[in-house]
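Enquirer: First the structure, which I've put down as structure tokens, then a few questions once you've had a look.
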Amino acid sequence: MGAVRLHRVVEGPEDGPVVVFGGSLGSDLRMWEPQVVPLLERGFRVVRYDTRGHGASPVPPGPYDLEDLGFDFLRLLEDLGVAKAHFVGLSLGAMTGMWLGAHAPDRIASLVLCCTSAKLGPPEMWADRARTVLEKGTGAVAAAGVTRWLTPAYAERHPDRAAYLRSMIAAVPAEGYAACCGAIERMDLLDVLPKITAPTLVIAGADDPATPPEGHADLIAAGIPGARLEVVPDAAHLGSYERPEEFTRLILEHLEAL
């Protein structure tokens, strides 16, 4: 399968360092809205994109593998005329970032890997979720998705934001969501982590039920030479949205220290 032309939003100075944001399964590029202005104010050129099968990006027929998502990113850089970019990913976006760090190191200036895993089982869970979405639509998994994305306390304090995120998940095309479930089902990046040479920051949410720090973020940080791990309290799986000030501070510290 060839690379697809991803829907993207590009903001900031043309000569600024390029930072590309890749999102979670079930999201679109709006999930990164809290990070945009702080990075623009520091002179970065901010690129957000919708993963294939999500948002306004194409929905090619499945199956998809992580390699496909990686080649989509490389086509995005080609479209933008960018030789090398910083990559910030969350969950599926960070899985794509790890693949790129191992297989296209010359295109990655640095990595920030948020709320993610290098191997996320059991495989049957992903197959079951894909089947549910194909039979009933993404609306059938939207409420459960938000319970993983947000801590209960945050969702209770901000019911409007929880509803906004539920609608985001429910708007994802079923075919695209299911095919990305398959990519996660088949993913195993543990053996390639030592090949990643880009300066890497791993950020975990202390209350993330999907990819808890123990057994996920800690394995990534241990596997990538020189990687640093930060655990943010009171954050579930969409930690960059729930705790934007803390995630953005850590991202900027990482980028500006390079």
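Ligands are numbered from 1 in the order shown, residues from 1 within each chain, and chains are lettered A, B, ... in the order they appear in the structure tokens.
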From the DSSP assignment of the backbone, select every residue of segment 18-145 of chain A that is helix (DSSP H, G or I), and format the answer as an MDAnalysis selection string.

Expert: chainID A and resid 29:41 66:80 92:103 105:107 123:136 139:145

Enquirer: Can you tell me which residues surround segment 202-215 of chain A at a distance of at most 6 Å, considering only C-alpha atoms, apart from same-chain residues fewer than 5 positions away, and format the answer as a PDB file with N, CA, C and O atoms, in the first residue's frame?

Expert:
```pdb
ATOM      1  N   VAL A 112       9.283  12.958  21.330  1.00  0.00           N
ATOM      2  CA  VAL A 112       8.559  13.003  22.593  1.00  0.00           C
ATOM      3  C   VAL A 112       7.454  11.962  22.488  1.00  0.00           C
ATOM      4  O   VAL A 112       6.577  12.055  21.611  1.00  0.00           O
ATOM      5  N   LEU A 113       7.509  10.961  23.338  1.00  0.00           N
ATOM      6  CA  LEU A 113       6.607   9.815  23.279  1.00  0.00           C
ATOM      7  C   LEU A 113       5.680   9.858  24.481  1.00  0.00           C
ATOM      8  O   LEU A 113       6.112   9.624  25.613  1.00  0.00           O
ATOM      9  N   CYS A 114       4.406  10.170  24.248  1.00  0.00           N
ATOM     10  CA  CYS A 114       3.451  10.387  25.334  1.00  0.00           C
ATOM     11  C   CYS A 114       2.469   9.221  25.448  1.00  0.00           C
ATOM     12  O   CYS A 114       1.922   8.774  24.432  1.00  0.00           O
ATOM     13  N   CYS A 115       2.266   8.755  26.681  1.00  0.00           N
ATOM     14  CA  CYS A 115       1.154   7.846  26.985  1.00  0.00           C
ATOM     15  C   CYS A 115       1.045   6.738  25.940  1.00  0.00           C
ATOM     16  O   CYS A 115       0.040   6.614  25.220  1.00  0.00           O
ATOM     17  N   THR A 116       2.073   5.913  25.868  1.00  0.00           N
ATOM     18  CA  THR A 116       2.146   4.956  24.779  1.00  0.00           C
ATOM     19  C   THR A 116       2.773   3.646  25.237  1.00  0.00           C
ATOM     20  O   THR A 116       3.101   3.451  26.408  1.00  0.00           O
ATOM     21  N   ARG A 148     -10.948   6.164  29.283  1.00  0.00           N
ATOM     22  CA  ARG A 148      -9.502   5.912  29.279  1.00  0.00           C
ATOM     23  C   ARG A 148      -8.727   7.221  29.097  1.00  0.00           C
ATOM     24  O   ARG A 148      -7.635   7.380  29.634  1.00  0.00           O
ATOM     25  N   ARG A 228      14.715   9.816  28.619  1.00  0.00           N
ATOM     26  CA  ARG A 228      14.321  10.307  29.937  1.00  0.00           C
ATOM     27  C   ARG A 228      12.836  10.081  30.127  1.00  0.00           C
ATOM     28  O   ARG A 228      12.044  10.274  29.204  1.00  0.00           O
ATOM     29  N   LEU A 229      12.433   9.673  31.325  1.00  0.00           N
ATOM     30  CA  LEU A 229      11.031   9.395  31.636  1.00  0.00           C
ATOM     31  C   LEU A 229      10.517  10.424  32.632  1.00  0.00           C
ATOM     32  O   LEU A 229      11.154  10.694  33.652  1.00  0.00           O
ATOM     33  N   GLU A 230       9.338  10.978  32.326  1.00  0.00           N
ATOM     34  CA  GLU A 230       8.626  11.863  33.248  1.00  0.00           C
ATOM     35  C   GLU A 230       7.214  11.315  33.424  1.00  0.00           C
ATOM     36  O   GLU A 230       6.553  10.966  32.430  1.00  0.00           O
ATOM     37  N   VAL A 231       6.743  11.234  34.668  1.00  0.00           N
ATOM     38  CA  VAL A 231       5.391  10.768  34.961  1.00  0.00           C
ATOM     39  C   VAL A 231       4.599  11.949  35.520  1.00  0.00           C
ATOM     40  O   VAL A 231       4.997  12.547  36.521  1.00  0.00           O
ATOM     41  N   VAL A 232       3.497  12.272  34.854  1.00  0.00           N
ATOM     42  CA  VAL A 232       2.682  13.425  35.236  1.00  0.00           C
ATOM     43  C   VAL A 232       1.511  12.953  36.092  1.00  0.00           C
ATOM     44  O   VAL A 232       0.736  12.087  35.659  1.00  0.00           O
ATOM     45  N   PRO A 233       1.353  13.488  37.298  1.00  0.00           N
ATOM     46  CA  PRO A 233       0.232  13.073  38.148  1.00  0.00           C
ATOM     47  C   PRO A 233      -1.102  13.577  37.618  1.00  0.00           C
ATOM     48  O   PRO A 233      -1.154  14.527  36.838  1.00  0.00           O
ATOM     49  N   ALA A 235      -3.194  12.468  35.482  1.00  0.00           N
ATOM     50  CA  ALA A 235      -3.342  12.426  34.032  1.00  0.00           C
ATOM     51  C   ALA A 235      -3.663  11.003  33.602  1.00  0.00           C
ATOM     52  O   ALA A 235      -2.988  10.062  34.029  1.00  0.00           O
ATOM     53  N   ALA A 236      -4.674  10.869  32.760  1.00  0.00           N
ATOM     54  CA  ALA A 236      -5.009   9.570  32.180  1.00  0.00           C
ATOM     55  C   ALA A 236      -4.362   9.467  30.794  1.00  0.00           C
ATOM     56  O   ALA A 236      -3.272  10.010  30.575  1.00  0.00           O
ATOM     57  N   HIS A 237      -5.023   8.799  29.848  1.00  0.00           N
ATOM     58  CA  HIS A 237      -4.357   8.469  28.586  1.00  0.00           C
ATOM     59  C   HIS A 237      -4.176   9.681  27.672  1.00  0.00           C
ATOM     60  O   HIS A 237      -3.180   9.766  26.964  1.00  0.00           O
ATOM     61  N   GLY A 239      -3.233  12.618  28.309  1.00  0.00           N
ATOM     62  CA  GLY A 239      -2.629  13.506  29.282  1.00  0.00           C
ATOM     63  C   GLY A 239      -2.315  14.881  28.738  1.00  0.00           C
ATOM     64  O   GLY A 239      -2.385  15.876  29.469  1.00  0.00           O
TER      65      GLY A 239
END
```

Enquirer: Which one is closest to Ala85 of chain A: A:Glu156, A:Asp106, A:Glu14, A:Asp191? Count only C-alpha atoms.

Expert: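 So, comparing all the options, the nearest one is A:Asp106.
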
Enquirer: From the list A:Gly176, A:Gly12, A:Gly223, A:Pro63, which residue is nearest Ala118 of chain A when using only C-alpha atoms?

Expert: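 Using only C-alpha atoms, the shortest distance to Ala118 of chain A belongs to A:Gly223.
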
Enquirer: When you look at segment 138-141 of chain A with a cut-off of 7 Å (counting only C-alpha atoms), what residues show up, excluding the ones that are within fewer than 2 positions of it in the same chain? I need them as an MDAnalysis selection string.

Expert: chainID A and resid 133 136 143:145 169:170 172 174

Enquirer: Contacts between segment 51-58 of chain A and segment 87-108 of chain A, please, where a residue of segment 87-108 of chain A counts if it comes within 12 Å (with only C-alpha atoms); show its shortest atom pair and distance in Å to one decimal, rows by chain and ascending number, as JSON lines.

Expert:
```
{"residue": "A:Gly89", "atom": "CA", "partner": "A:Thr51", "partner_atom": "CA", "distance": 11.1}
{"residue": "A:Leu90", "atom": "CA", "partner": "A:Thr51", "partner_atom": "CA", "distance": 11.7}
{"residue": "A:Ser91", "atom": "CA", "partner": "A:Thr51", "partner_atom": "CA", "distance": 11.8}
{"residue": "A:Leu92", "atom": "CA", "partner": "A:Thr51", "partner_atom": "CA", "distance": 9.0}
{"residue": "A:Gly93", "atom": "CA", "partner": "A:Thr51", "partner_atom": "CA", "distance": 8.0}
{"residue": "A:Ala94", "atom": "CA", "partner": "A:Thr51", "partner_atom": "CA", "distance": 11.7}
{"residue": "A:Met95", "atom": "CA", "partner": "A:Thr51", "partner_atom": "CA", "distance": 12.0}
{"residue": "A:Thr96", "atom": "CA", "partner": "A:Thr51", "partner_atom": "CA", "distance": 9.9}
```

Enquirer: For N, CA, C and O atoms, I'd like the residues from the last selection saved as a PDB file, in the first residue's frame.

Expert:
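The new file part03.pdb reads:
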```pdb
ATOM      1  N   GLY A  89       4.384  12.523  19.680  1.00  0.00           N
ATOM      2  CA  GLY A  89       3.254  11.624  19.440  1.00  0.00           C
ATOM      3  C   GLY A  89       2.642  11.156  20.743  1.00  0.00           C
ATOM      4  O   GLY A  89       3.324  11.088  21.776  1.00  0.00           O
ATOM      5  N   LEU A  90       1.365  10.849  20.678  1.00  0.00           N
ATOM      6  CA  LEU A  90       0.671  10.277  21.838  1.00  0.00           C
ATOM      7  C   LEU A  90      -0.011   8.993  21.419  1.00  0.00           C
ATOM      8  O   LEU A  90      -0.679   8.957  20.379  1.00  0.00           O
ATOM      9  N   SER A  91       0.192   7.945  22.196  1.00  0.00           N
ATOM     10  CA  SER A  91      -0.430   6.640  21.947  1.00  0.00           C
ATOM     11  C   SER A  91      -0.063   6.137  20.551  1.00  0.00           C
ATOM     12  O   SER A  91       1.108   5.894  20.284  1.00  0.00           O
ATOM     13  N   LEU A  92      -1.005   6.001  19.633  1.00  0.00           N
ATOM     14  CA  LEU A  92      -0.693   5.516  18.285  1.00  0.00           C
ATOM     15  C   LEU A  92       0.303   6.437  17.591  1.00  0.00           C
ATOM     16  O   LEU A  92       1.192   5.973  16.863  1.00  0.00           O
ATOM     17  N   GLY A  93       0.181   7.755  17.814  1.00  0.00           N
ATOM     18  CA  GLY A  93       1.145   8.676  17.224  1.00  0.00           C
ATOM     19  C   GLY A  93       2.553   8.415  17.716  1.00  0.00           C
ATOM     20  O   GLY A  93       3.517   8.461  16.942  1.00  0.00           O
ATOM     21  N   ALA A  94       2.700   8.123  19.006  1.00  0.00           N
ATOM     22  CA  ALA A  94       4.022   7.830  19.550  1.00  0.00           C
ATOM     23  C   ALA A  94       4.546   6.482  19.067  1.00  0.00           C
ATOM     24  O   ALA A  94       5.755   6.302  18.899  1.00  0.00           O
ATOM     25  N   MET A  95       3.649   5.515  18.849  1.00  0.00           N
ATOM     26  CA  MET A  95       4.064   4.245  18.257  1.00  0.00           C
ATOM     27  C   MET A  95       4.660   4.489  16.873  1.00  0.00           C
ATOM     28  O   MET A  95       5.699   3.916  16.503  1.00  0.00           O
ATOM     29  N   THR A  96       4.018   5.355  16.099  1.00  0.00           N
ATOM     30  CA  THR A  96       4.552   5.746  14.791  1.00  0.00           C
ATOM     31  C   THR A  96       5.911   6.406  14.965  1.00  0.00           C
ATOM     32  O   THR A  96       6.849   6.152  14.187  1.00  0.00           O
TER      33      THR A  96
END
```

Enquirer: Within 8 Å of Gly43 of chain A, counting only C-alpha atoms, which residues qualify if same-chain residues fewer than 2 places away don't, as a list in words?

Expert: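 So, after excluding close chain neighbours, the residues are Gly12, Pro13, Gly16, Pro17, Leu39, Leu40, Glu41 and Arg45 of chain A.
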
Enquirer: For the selection just defined, write its residues with all heavy atoms to a file, as an mmCIF file, in the first residue's frame.

Expert:
```cif
data_model
loop_
_atom_site.group_PDB
_atom_site.id
_atom_site.type_symbol
_atom_site.label_atom_id
_atom_site.label_comp_id
_atom_site.auth_asym_id
_atom_site.auth_seq_id
_atom_site.Cartn_x
_atom_site.Cartn_y
_atom_site.Cartn_z
ATOM 1 N N GLY A 12 2.906 28.803 12.102
ATOM 2 C CA GLY A 12 4.174 29.283 12.626
ATOM 3 C C GLY A 12 5.118 29.743 11.545
ATOM 4 O O GLY A 12 4.852 29.596 10.344
ATOM 5 N N PRO A 13 6.256 30.289 11.951
ATOM 6 C CA PRO A 13 7.212 30.864 10.999
ATOM 7 C C PRO A 13 7.804 29.809 10.067
ATOM 8 O O PRO A 13 8.106 28.692 10.500
ATOM 9 C CB PRO A 13 8.281 31.481 11.897
ATOM 10 C CG PRO A 13 8.171 30.741 13.196
ATOM 11 C CD PRO A 13 6.724 30.397 13.348
ATOM 12 N N GLY A 16 11.061 28.459 11.286
ATOM 13 C CA GLY A 16 11.131 27.917 12.631
ATOM 14 C C GLY A 16 11.418 26.427 12.638
ATOM 15 O O GLY A 16 11.126 25.728 11.656
ATOM 16 N N PRO A 17 11.997 25.913 13.726
ATOM 17 C CA PRO A 17 12.180 24.464 13.844
ATOM 18 C C PRO A 17 10.822 23.759 13.739
ATOM 19 O O PRO A 17 9.844 24.190 14.366
ATOM 20 C CB PRO A 17 12.792 24.292 15.234
ATOM 21 C CG PRO A 17 13.312 25.638 15.607
ATOM 22 C CD PRO A 17 12.447 26.643 14.933
ATOM 23 N N LEU A 39 3.833 26.736 21.689
ATOM 24 C CA LEU A 39 4.964 26.468 20.799
ATOM 25 C C LEU A 39 5.136 27.575 19.769
ATOM 26 O O LEU A 39 6.269 27.950 19.441
ATOM 27 C CB LEU A 39 4.807 25.107 20.110
ATOM 28 C CG LEU A 39 5.494 23.961 20.862
ATOM 29 C CD1 LEU A 39 4.698 23.534 22.084
ATOM 30 C CD2 LEU A 39 5.755 22.772 19.945
ATOM 31 N N LEU A 40 4.037 28.123 19.263
ATOM 32 C CA LEU A 40 4.147 29.232 18.318
ATOM 33 C C LEU A 40 4.818 30.433 18.971
ATOM 34 O O LEU A 40 5.647 31.113 18.347
ATOM 35 C CB LEU A 40 2.757 29.629 17.800
ATOM 36 C CG LEU A 40 2.015 28.604 16.936
ATOM 37 C CD1 LEU A 40 0.659 29.156 16.529
ATOM 38 C CD2 LEU A 40 2.827 28.223 15.700
ATOM 39 N N GLU A 41 4.490 30.668 20.233
ATOM 40 C CA GLU A 41 5.081 31.804 20.935
ATOM 41 C C GLU A 41 6.579 31.640 21.139
ATOM 42 O O GLU A 41 7.288 32.640 21.331
ATOM 43 C CB GLU A 41 4.389 31.987 22.292
ATOM 44 C CG GLU A 41 2.951 32.485 22.174
ATOM 45 C CD GLU A 41 2.247 32.575 23.524
ATOM 46 O OE1 GLU A 41 2.737 31.969 24.496
ATOM 47 O OE2 GLU A 41 1.195 33.240 23.579
ATOM 48 N N ARG A 45 7.609 25.993 14.271
ATOM 49 C CA ARG A 45 6.647 25.770 13.187
ATOM 50 C C ARG A 45 5.897 24.485 13.544
ATOM 51 O O ARG A 45 6.501 23.401 13.620
ATOM 52 C CB ARG A 45 7.342 25.631 11.842
ATOM 53 C CG ARG A 45 6.391 25.571 10.639
ATOM 54 C CD ARG A 45 7.157 25.934 9.385
ATOM 55 N NE ARG A 45 6.383 25.833 8.157
ATOM 56 C CZ ARG A 45 5.498 26.756 7.748
ATOM 57 N NH1 ARG A 45 5.277 27.816 8.488
ATOM 58 N NH2 ARG A 45 4.856 26.603 6.606
#
```

Enquirer: Could you work out how far atom CA of Ala104 of chain A lies from atom CA of Val20 of chain A, giving the answer in Å with one decimal?

Expert: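 So the answer is 14.9 Å.
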
Enquirer: Let me make sure I understand: among A:Val47, A:Ile184, A:Leu80, A:Leu193, which one has the smallest atom-to-atom distance to Val9 of chain A if we use only C-alpha atoms?

Expert: A:Val47

Enquirer: Can you measure atom CA of Pro34 of chain A to atom CA of Val4 of chain A for me? One decimal in Å is fine.

Expert: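 That distance, rounded to one decimal, is 26.7 Å.
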